[in-house]
file query_15.pdb (PDB, C-alpha atoms and all ligand atoms)
MODEL        1
ATOM      1  CA  MET T   1     -14.308 -46.279   9.204  1.00  0.00           C
ATOM      2  CA  PHE T   2     -12.985 -44.467   6.141  1.00  0.00           C
ATOM      3  CA  THR T   3      -9.665 -42.872   5.496  1.00  0.00           C
ATOM      4  CA  PHE T   4      -7.543 -41.508   2.724  1.00  0.00           C
ATOM      5  CA  VAL T   5      -4.289 -43.159   1.659  1.00  0.00           C
ATOM      6  CA  LYS T   6      -1.758 -42.038  -0.855  1.00  0.00           C
ATOM      7  CA  VAL T   7      -1.155 -44.374  -3.790  1.00  0.00           C
ATOM      8  CA  GLU T   8       1.272 -44.257  -6.676  1.00  0.00           C
ATOM      9  CA  LYS T   9      -0.187 -44.131 -10.183  1.00  0.00           C
ATOM     10  CA  CYS T  10       1.727 -45.272 -13.261  1.00  0.00           C
ATOM     11  CA  THR T  11       2.190 -41.606 -14.138  1.00  0.00           C
ATOM     12  CA  LEU T  12       4.223 -41.407 -10.918  1.00  0.00           C
ATOM     13  CA  LYS T  13       1.950 -38.602  -9.768  1.00  0.00           C
ATOM     14  CA  LYS T  14       0.722 -39.014  -6.228  1.00  0.00           C
ATOM     15  CA  ARG T  15      -3.019 -39.326  -5.931  1.00  0.00           C
ATOM     16  CA  VAL T  16      -5.387 -39.673  -2.995  1.00  0.00           C
ATOM     17  CA  MET T  17      -7.654 -42.689  -3.122  1.00  0.00           C
ATOM     18  CA  PHE T  18     -10.669 -43.409  -0.934  1.00  0.00           C
ATOM     19  CA  LEU T  19     -10.621 -46.812   0.750  1.00  0.00           C
ATOM     20  CA  GLU T  20     -13.110 -48.445   3.086  1.00  0.00           C
ATOM     21  CA  ASN T  21     -12.177 -50.421   6.196  1.00  0.00           C
ATOM     22  CA  SER T  22      -8.836 -48.810   6.746  1.00  0.00           C
ATOM     23  CA  VAL T  23      -8.021 -46.609   9.698  1.00  0.00           C
ATOM     24  CA  ASN T  24      -5.652 -43.687   9.674  1.00  0.00           C
ATOM     25  CA  ARG T  25      -5.111 -43.202  13.379  1.00  0.00           C
ATOM     26  CA  ASP T  26      -3.506 -39.808  12.903  1.00  0.00           C
ATOM     27  CA  THR T  27      -6.753 -38.410  11.562  1.00  0.00           C
ATOM     28  CA  ALA T  28      -9.229 -40.570  13.512  1.00  0.00           C
ATOM     29  CA  THR T  29     -12.357 -38.644  14.488  1.00  0.00           C
ATOM     30  CA  GLY T  30     -15.777 -39.397  15.832  1.00  0.00           C
ATOM     31  CA  TRP T  31     -18.785 -40.159  13.722  1.00  0.00           C
ATOM     32  CA  ILE T  32     -22.586 -40.473  13.870  1.00  0.00           C
ATOM     33  CA  GLU T  33     -24.623 -43.640  13.418  1.00  0.00           C
ATOM     34  CA  VAL T  34     -28.428 -43.451  13.236  1.00  0.00           C
ATOM     35  CA  ILE T  35     -30.704 -46.424  13.828  1.00  0.00           C
ATOM     36  CA  THR T  36     -34.208 -45.596  12.647  1.00  0.00           C
ATOM     37  CA  GLY T  37     -37.512 -47.202  11.682  1.00  0.00           C
ATOM     38  CA  SER T  38     -41.075 -47.599  12.935  1.00  0.00           C
ATOM     39  CA  MET T  39     -42.194 -48.667  16.378  1.00  0.00           C
ATOM     40  CA  PHE T  40     -41.577 -52.349  17.176  1.00  0.00           C
ATOM     41  CA  SER T  41     -38.728 -52.524  14.663  1.00  0.00           C
ATOM     42  CA  GLY T  42     -35.994 -53.176  17.222  1.00  0.00           C
ATOM     43  CA  LYS T  43     -34.251 -49.757  17.198  1.00  0.00           C
ATOM     44  CA  THR T  44     -33.607 -49.654  20.933  1.00  0.00           C
ATOM     45  CA  GLU T  45     -32.510 -53.315  21.003  1.00  0.00           C
ATOM     46  CA  GLU T  46     -29.956 -52.508  18.295  1.00  0.00           C
ATOM     47  CA  LEU T  47     -28.806 -49.380  20.170  1.00  0.00           C
ATOM     48  CA  ILE T  48     -28.344 -51.387  23.376  1.00  0.00           C
ATOM     49  CA  ARG T  49     -26.521 -54.158  21.489  1.00  0.00           C
ATOM     50  CA  ARG T  50     -23.999 -51.678  20.047  1.00  0.00           C
ATOM     51  CA  LEU T  51     -23.516 -49.939  23.408  1.00  0.00           C
ATOM     52  CA  LYS T  52     -23.010 -53.146  25.367  1.00  0.00           C
ATOM     53  CA  ARG T  53     -20.538 -54.390  22.757  1.00  0.00           C
ATOM     54  CA  ALA T  54     -18.531 -51.166  23.139  1.00  0.00           C
ATOM     55  CA  ARG T  55     -18.635 -51.393  26.927  1.00  0.00           C
ATOM     56  CA  PHE T  56     -17.462 -55.003  26.767  1.00  0.00           C
ATOM     57  CA  ALA T  57     -14.425 -53.753  24.844  1.00  0.00           C
ATOM     58  CA  GLY T  58     -13.620 -51.415  27.736  1.00  0.00           C
ATOM     59  CA  GLN T  59     -14.849 -48.245  26.064  1.00  0.00           C
ATOM     60  CA  ARG T  60     -16.522 -45.615  28.193  1.00  0.00           C
ATOM     61  CA  ILE T  61     -20.156 -45.022  27.274  1.00  0.00           C
ATOM     62  CA  GLU T  62     -22.860 -42.526  28.192  1.00  0.00           C
ATOM     63  CA  VAL T  63     -26.529 -42.879  27.287  1.00  0.00           C
ATOM     64  CA  PHE T  64     -29.069 -40.064  27.130  1.00  0.00           C
ATOM     65  CA  LYS T  65     -32.787 -40.105  26.569  1.00  0.00           C
ATOM     66  CA  PRO T  66     -35.403 -37.336  26.599  1.00  0.00           C
ATOM     67  CA  ASP T  67     -37.039 -37.106  30.001  1.00  0.00           C
ATOM     68  CA  ILE T  68     -40.434 -37.181  28.313  1.00  0.00           C
ATOM     69  CA  ASP T  69     -39.940 -40.912  27.792  1.00  0.00           C
ATOM     70  CA  THR T  70     -40.646 -42.542  31.137  1.00  0.00           C
ATOM     71  CA  ARG T  71     -42.611 -45.504  29.863  1.00  0.00           C
ATOM     72  CA  TYR T  72     -40.574 -48.097  31.703  1.00  0.00           C
ATOM     73  CA  ALA T  73     -37.962 -46.443  33.907  1.00  0.00           C
ATOM     74  CA  SER T  74     -36.727 -42.883  34.267  1.00  0.00           C
ATOM     75  CA  GLU T  75     -32.989 -43.619  34.382  1.00  0.00           C
ATOM     76  CA  GLN T  76     -32.688 -46.547  32.022  1.00  0.00           C
ATOM     77  CA  VAL T  77     -33.112 -47.161  28.346  1.00  0.00           C
ATOM     78  CA  VAL T  78     -35.360 -50.211  28.112  1.00  0.00           C
ATOM     79  CA  SER T  79     -36.321 -51.907  24.864  1.00  0.00           C
ATOM     80  CA  HIS T  80     -39.673 -53.541  24.184  1.00  0.00           C
ATOM     81  CA  ASP T  81     -38.038 -56.887  24.924  1.00  0.00           C
ATOM     82  CA  THR T  82     -36.884 -55.428  28.279  1.00  0.00           C
ATOM     83  CA  ARG T  83     -33.160 -55.227  27.573  1.00  0.00           C
ATOM     84  CA  VAL T  84     -31.818 -52.491  29.817  1.00  0.00           C
ATOM     85  CA  ILE T  85     -28.935 -50.026  29.929  1.00  0.00           C
ATOM     86  CA  GLU T  86     -28.413 -47.120  32.347  1.00  0.00           C
ATOM     87  CA  SER T  87     -29.250 -43.704  30.926  1.00  0.00           C
ATOM     88  CA  ILE T  88     -29.376 -40.046  31.857  1.00  0.00           C
ATOM     89  CA  PRO T  89     -32.725 -38.290  31.338  1.00  0.00           C
ATOM     90  CA  ALA T  90     -32.267 -34.928  29.568  1.00  0.00           C
ATOM     91  CA  ALA T  91     -34.967 -32.279  29.276  1.00  0.00           C
ATOM     92  CA  HIS T  92     -33.278 -30.456  26.385  1.00  0.00           C
ATOM     93  CA  SER T  93     -30.495 -31.105  23.873  1.00  0.00           C
ATOM     94  CA  SER T  94     -28.319 -28.528  25.647  1.00  0.00           C
ATOM     95  CA  THR T  95     -28.507 -30.695  28.788  1.00  0.00           C
ATOM     96  CA  VAL T  96     -26.662 -33.424  26.882  1.00  0.00           C
ATOM     97  CA  MET T  97     -23.764 -31.044  26.194  1.00  0.00           C
ATOM     98  CA  LEU T  98     -23.740 -29.891  29.827  1.00  0.00           C
ATOM     99  CA  LEU T  99     -23.656 -33.399  31.247  1.00  0.00           C
ATOM    100  CA  THR T 100     -21.433 -35.269  28.808  1.00  0.00           C
ATOM    101  CA  GLN T 101     -17.897 -36.215  29.839  1.00  0.00           C
ATOM    102  CA  PHE T 102     -16.969 -36.883  26.177  1.00  0.00           C
ATOM    103  CA  PRO T 103     -16.482 -40.639  26.519  1.00  0.00           C
ATOM    104  CA  GLU T 104     -15.610 -42.870  23.563  1.00  0.00           C
ATOM    105  CA  VAL T 105     -19.277 -43.604  22.836  1.00  0.00           C
ATOM    106  CA  VAL T 106     -22.501 -41.648  23.416  1.00  0.00           C
ATOM    107  CA  GLY T 107     -25.896 -43.309  22.863  1.00  0.00           C
ATOM    108  CA  ILE T 108     -29.091 -41.281  22.418  1.00  0.00           C
ATOM    109  CA  ASP T 109     -32.458 -43.012  22.437  1.00  0.00           C
ATOM    110  CA  GLU T 110     -35.872 -41.706  21.295  1.00  0.00           C
ATOM    111  CA  ALA T 111     -34.180 -38.842  19.457  1.00  0.00           C
ATOM    112  CA  GLN T 112     -37.485 -37.767  17.880  1.00  0.00           C
ATOM    113  CA  PHE T 113     -38.584 -36.334  21.233  1.00  0.00           C
ATOM    114  CA  PHE T 114     -35.577 -34.015  21.499  1.00  0.00           C
ATOM    115  CA  ASP T 115     -35.591 -30.433  20.159  1.00  0.00           C
ATOM    116  CA  MET T 116     -33.867 -29.647  16.845  1.00  0.00           C
ATOM    117  CA  GLY T 117     -30.710 -28.663  18.733  1.00  0.00           C
ATOM    118  CA  ILE T 118     -29.887 -32.358  19.128  1.00  0.00           C
ATOM    119  CA  ILE T 119     -28.589 -32.335  15.525  1.00  0.00           C
ATOM    120  CA  GLN T 120     -25.922 -29.767  16.421  1.00  0.00           C
ATOM    121  CA  VAL T 121     -25.158 -31.561  19.680  1.00  0.00           C
ATOM    122  CA  CYS T 122     -24.501 -34.867  17.869  1.00  0.00           C
ATOM    123  CA  SER T 123     -22.326 -33.047  15.359  1.00  0.00           C
ATOM    124  CA  GLN T 124     -20.300 -31.350  18.108  1.00  0.00           C
ATOM    125  CA  LEU T 125     -19.795 -34.643  19.948  1.00  0.00           C
ATOM    126  CA  ALA T 126     -18.606 -36.366  16.760  1.00  0.00           C
ATOM    127  CA  ASN T 127     -16.285 -33.423  16.018  1.00  0.00           C
ATOM    128  CA  ARG T 128     -14.761 -33.926  19.473  1.00  0.00           C
ATOM    129  CA  GLY T 129     -13.956 -37.544  18.613  1.00  0.00           C
ATOM    130  CA  VAL T 130     -17.021 -39.280  20.078  1.00  0.00           C
ATOM    131  CA  ARG T 131     -18.774 -42.184  18.352  1.00  0.00           C
ATOM    132  CA  VAL T 132     -22.426 -41.098  18.541  1.00  0.00           C
ATOM    133  CA  ILE T 133     -25.140 -43.732  18.171  1.00  0.00           C
ATOM    134  CA  VAL T 134     -28.666 -42.312  17.855  1.00  0.00           C
ATOM    135  CA  ALA T 135     -31.934 -44.257  17.749  1.00  0.00           C
ATOM    136  CA  GLY T 136     -35.263 -42.664  16.859  1.00  0.00           C
ATOM    137  CA  LEU T 137     -38.503 -42.867  14.935  1.00  0.00           C
ATOM    138  CA  ASP T 138     -38.177 -41.570  11.391  1.00  0.00           C
ATOM    139  CA  MET T 139     -41.919 -40.885  10.984  1.00  0.00           C
ATOM    140  CA  ASP T 140     -44.739 -39.842  13.283  1.00  0.00           C
ATOM    141  CA  TYR T 141     -48.125 -41.602  13.441  1.00  0.00           C
ATOM    142  CA  LYS T 142     -49.267 -39.701  10.335  1.00  0.00           C
ATOM    143  CA  GLY T 143     -46.338 -40.990   8.308  1.00  0.00           C
ATOM    144  CA  GLU T 144     -44.584 -37.616   8.305  1.00  0.00           C
ATOM    145  CA  PRO T 145     -40.874 -37.021   9.094  1.00  0.00           C
ATOM    146  CA  PHE T 146     -40.484 -36.757  12.860  1.00  0.00           C
ATOM    147  CA  GLY T 147     -38.710 -33.828  14.566  1.00  0.00           C
ATOM    148  CA  PRO T 148     -34.902 -33.805  14.359  1.00  0.00           C
ATOM    149  CA  VAL T 149     -34.529 -37.360  13.003  1.00  0.00           C
ATOM    150  CA  PRO T 150     -34.505 -36.399   9.273  1.00  0.00           C
ATOM    151  CA  GLY T 151     -31.736 -33.883  10.006  1.00  0.00           C
ATOM    152  CA  LEU T 152     -29.779 -36.516  11.928  1.00  0.00           C
ATOM    153  CA  LEU T 153     -30.108 -38.905   8.993  1.00  0.00           C
ATOM    154  CA  ALA T 154     -28.640 -36.241   6.726  1.00  0.00           C
ATOM    155  CA  ILE T 155     -25.517 -35.614   8.797  1.00  0.00           C
ATOM    156  CA  ALA T 156     -24.848 -39.220   9.882  1.00  0.00           C
ATOM    157  CA  GLU T 157     -21.983 -41.251   8.438  1.00  0.00           C
ATOM    158  CA  TYR T 158     -23.965 -44.479   8.875  1.00  0.00           C
ATOM    159  CA  VAL T 159     -27.727 -45.078   8.741  1.00  0.00           C
ATOM    160  CA  THR T 160     -29.453 -48.334   9.644  1.00  0.00           C
ATOM    161  CA  LYS T 161     -33.137 -48.556   8.845  1.00  0.00           C
ATOM    162  CA  VAL T 162     -34.808 -51.411  10.675  1.00  0.00           C
ATOM    163  CA  HIS T 163     -38.301 -52.724   9.999  1.00  0.00           C
ATOM    164  CA  ALA T 164     -41.152 -54.210  11.948  1.00  0.00           C
ATOM    165  CA  ILE T 165     -43.610 -56.760  10.550  1.00  0.00           C
ATOM    166  CA  CYS T 166     -47.025 -55.498   9.429  1.00  0.00           C
ATOM    167  CA  VAL T 167     -49.560 -56.871  11.906  1.00  0.00           C
ATOM    168  CA  ARG T 168     -52.227 -57.045   9.185  1.00  0.00           C
ATOM    169  CA  CYS T 169     -50.470 -58.745   6.256  1.00  0.00           C
ATOM    170  CA  GLY T 170     -47.005 -59.876   7.351  1.00  0.00           C
ATOM    171  CA  ASN T 171     -44.997 -57.685   4.946  1.00  0.00           C
ATOM    172  CA  LEU T 172     -42.192 -55.454   6.198  1.00  0.00           C
ATOM    173  CA  ALA T 173     -43.664 -52.477   8.056  1.00  0.00           C
ATOM    174  CA  HIS T 174     -42.282 -48.970   8.375  1.00  0.00           C
ATOM    175  CA  TYR T 175     -45.310 -46.988   9.587  1.00  0.00           C
ATOM    176  CA  SER T 176     -46.377 -46.611  13.231  1.00  0.00           C
ATOM    177  CA  HIS T 177     -50.154 -46.505  13.019  1.00  0.00           C
ATOM    178  CA  ARG T 178     -51.994 -45.032  15.993  1.00  0.00           C
ATOM    179  CA  LYS T 179     -54.997 -47.148  16.872  1.00  0.00           C
ATOM    180  CA  ASN T 180     -56.981 -44.465  18.753  1.00  0.00           C
ATOM    181  CA  ASN T 181     -58.190 -41.052  17.617  1.00  0.00           C
ATOM    182  CA  SER T 182     -55.856 -38.795  19.580  1.00  0.00           C
ATOM    183  CA  ASN T 183     -54.306 -35.964  17.550  1.00  0.00           C
ATOM    184  CA  GLN T 184     -51.449 -35.342  20.000  1.00  0.00           C
ATOM    185  CA  LEU T 185     -48.124 -35.673  18.201  1.00  0.00           C
ATOM    186  CA  VAL T 186     -46.485 -37.135  21.269  1.00  0.00           C
ATOM    187  CA  LEU T 187     -48.521 -39.953  22.728  1.00  0.00           C
ATOM    188  CA  LEU T 188     -46.396 -42.443  24.574  1.00  0.00           C
ATOM    189  CA  GLY T 189     -47.746 -45.895  24.539  1.00  0.00           C
ATOM    190  CA  GLU T 190     -47.305 -49.457  23.703  1.00  0.00           C
ATOM    191  CA  THR T 191     -49.176 -52.106  21.831  1.00  0.00           C
ATOM    192  CA  GLU T 192     -52.505 -50.690  23.040  1.00  0.00           C
ATOM    193  CA  SER T 193     -51.833 -47.398  21.181  1.00  0.00           C
ATOM    194  CA  TYR T 194     -49.763 -48.289  18.095  1.00  0.00           C
ATOM    195  CA  GLU T 195     -49.301 -51.035  15.531  1.00  0.00           C
ATOM    196  CA  PRO T 196     -46.698 -51.399  12.785  1.00  0.00           C
ATOM    197  CA  LEU T 197     -48.118 -51.369   9.250  1.00  0.00           C
ATOM    198  CA  CYS T 198     -46.722 -51.708   5.735  1.00  0.00           C
ATOM    199  CA  ARG T 199     -47.321 -48.994   3.136  1.00  0.00           C
ATOM    200  CA  THR T 200     -50.361 -50.716   1.563  1.00  0.00           C
ATOM    201  CA  CYS T 201     -52.152 -51.404   4.855  1.00  0.00           C
ATOM    202  CA  PHE T 202     -51.305 -47.923   6.208  1.00  0.00           C
ATOM    203  CA  ASN T 203     -52.738 -46.257   3.078  1.00  0.00           C
ATOM    204  CA  LYS T 204     -55.865 -48.401   3.125  1.00  0.00           C
ATOM    205  CA  LEU T 205     -56.541 -47.548   6.742  1.00  0.00           C
ATOM    206  CA  SER T 206     -55.823 -43.845   6.268  1.00  0.00           C
ATOM    207  CA  GLU T 207     -58.292 -43.762   3.378  1.00  0.00           C
ATOM    208  CA  ALA T 208     -60.947 -45.592   5.406  1.00  0.00           C
ATOM    209  CA  ASN T 209     -60.453 -43.142   8.293  1.00  0.00           C
ATOM    210  CA  ARG T 210     -60.737 -40.141   5.935  1.00  0.00           C
ATOM    211  CA  SER T 211     -64.000 -41.410   4.500  1.00  0.00           C
ATOM    212  CA  LEU T 212     -65.375 -41.842   8.041  1.00  0.00           C
ATOM    213  CA  SER T 213     -64.495 -38.290   9.115  1.00  0.00           C
TER     214      SER T 213
HETATM  215 ZN    ZN V   1     -49.537 -54.779   5.543  1.00  0.00          ZN
ENDMDL
END
call {"tool": "encode", "arguments": {"input": "query_15.pdb", "output": "structure tokens"}}
result
Amino acid sequence: MFTFVKVEKCTLKKRVMFLENSVNRDTATGWIEVITGSMFSGKTEELIRRLKRARFAGQRIEVFKPDIDTRYASEQVVSHDTRVIESIPAAHSSTVMLLTQFPEVVGIDEAQFFDMGIIQVCSQLANRGVRVIVAGLDMDYKGEPFGPVPGLLAIAEYVTKVHAICVRCGNLAHYSHRKNNSNQLVLLGETESYEPLCRTCFNKLSEANRSLS
């Protein structure tokens, strides 16, 4: 957390200096953290880790996810490694604002499936003093910025980009390559539908697919 403190300069004029890791409790506010990356990069695991840590400290938490994402369970956020935390399915970003009780911490998973209004919702929550932790895919299967996530990255105080391992060469991966030919932007699926690829392997495959079509 950042804050401003007043320091004396040799000129005896008072100046304001920016320091990290100090808390001014009089001006404490909320903030936004975004955890992003490709599929199989551990975004949801990291979200759940942060939420459980906060809950262990006695902080109240709420977790929302888009109700489009029912891969594992409709009222839980479940990571690929089956870590679980209770969540509230929300059809629209406005539902989050309707349902929230403004606890200390709000988690939002699969943010890419929400409408663009989720950016404003996260901002409003943070302005009301909530620590907002958002996880979501930064790019779609074509390697293009995905829905509201780029906007969330822009307004967040803290961004964590996590990586998967390229299944073809072992380098760090940040693309979610779709293995079948569907053109639907939203295609929920697991290892049968997607694989994480590095830039080189993703480009090679995209070129090969273009020459086939
Ligand atoms: Zn690769």
call {"tool": "closest_residue", "arguments": {"input": "query_15.pdb", "among": "T:Arg168, T:Lys204, T:Lys179, T:Arg128", "to": "ligand ZN 1 (chain V)", "atoms": "only C-alpha atoms and all ligand atoms"}}
result
T:Arg168
call {"tool": "closest_atom_pairs", "arguments": {"input": "query_15.pdb", "of": "chain T", "to": "ligand ZN 1 (chain V)", "cutoff": "9 Å", "atoms": "all atoms listed in the file", "output": "JSON lines"}}
result
{"residue": "T:Ile165", "atom": "CA", "partner": "V:ZN1", "partner_atom": "ZN", "distance": 8.0}
{"residue": "T:Cys166", "atom": "CA", "partner": "V:ZN1", "partner_atom": "ZN", "distance": 4.7}
{"residue": "T:Val167", "atom": "CA", "partner": "V:ZN1", "partner_atom": "ZN", "distance": 6.7}
{"residue": "T:Arg168", "atom": "CA", "partner": "V:ZN1", "partner_atom": "ZN", "distance": 5.1}
{"residue": "T:Cys169", "atom": "CA", "partner": "V:ZN1", "partner_atom": "ZN", "distance": 4.1}
{"residue": "T:Gly170", "atom": "CA", "partner": "V:ZN1", "partner_atom": "ZN", "distance": 6.0}
{"residue": "T:Asn171", "atom": "CA", "partner": "V:ZN1", "partner_atom": "ZN", "distance": 5.4}
{"residue": "T:Leu172", "atom": "CA", "partner": "V:ZN1", "partner_atom": "ZN", "distance": 7.4}
{"residue": "T:Ala173", "atom": "CA", "partner": "V:ZN1", "partner_atom": "ZN", "distance": 6.8}
{"residue": "T:Pro196", "atom": "CA", "partner": "V:ZN1", "partner_atom": "ZN", "distance": 8.5}
{"residue": "T:Leu197", "atom": "CA", "partner": "V:ZN1", "partner_atom": "ZN", "distance": 5.2}
{"residue": "T:Cys198", "atom": "CA", "partner": "V:ZN1", "partner_atom": "ZN", "distance": 4.2}
{"residue": "T:Arg199", "atom": "CA", "partner": "V:ZN1", "partner_atom": "ZN", "distance": 6.6}
{"residue": "T:Thr200", "atom": "CA", "partner": "V:ZN1", "partner_atom": "ZN", "distance": 5.7}
{"residue": "T:Cys201", "atom": "CA", "partner": "V:ZN1", "partner_atom": "ZN", "distance": 4.3}
{"residue": "T:Phe202", "atom": "CA", "partner": "V:ZN1", "partner_atom": "ZN", "distance": 7.1}
call {"tool": "resolve_selection", "arguments": {"input": "query_15.pdb", "expression": "the PyMOL selection byres (((chain T and resi 130) around 10) and not hetatm)", "output": "list in words"}}
result
Thr29, Gly30, Trp31, Ile32, Ile61, Phe102, Pro103, Glu104, Val105, Val106, Cys122, Ser123, Gln124, Leu125, Ala126, Asn127, Arg128, Gly129, Arg131, Val132 and Ile133 of chain T
call {"tool": "atom_distance", "arguments": {"input": "query_15.pdb", "atom1": "atom CA of T:Phe146", "atom2": "atom CA of T:Ile85"}}
result
24.5 Å
call {"tool": "resolve_selection", "arguments": {"input": "query_15.pdb", "expression": "the PyMOL selection byres (((chain T and resi 41) around 8) and not hetatm)", "output": "MDAnalysis selection string"}}
result
chainID T and resid 37:40 42:43 162:165
call {"tool": "atom_distance", "arguments": {"input": "query_15.pdb", "atom1": "atom CA of T:Glu45", "atom2": "atom CA of T:Thr160"}}
result
12.8 Å
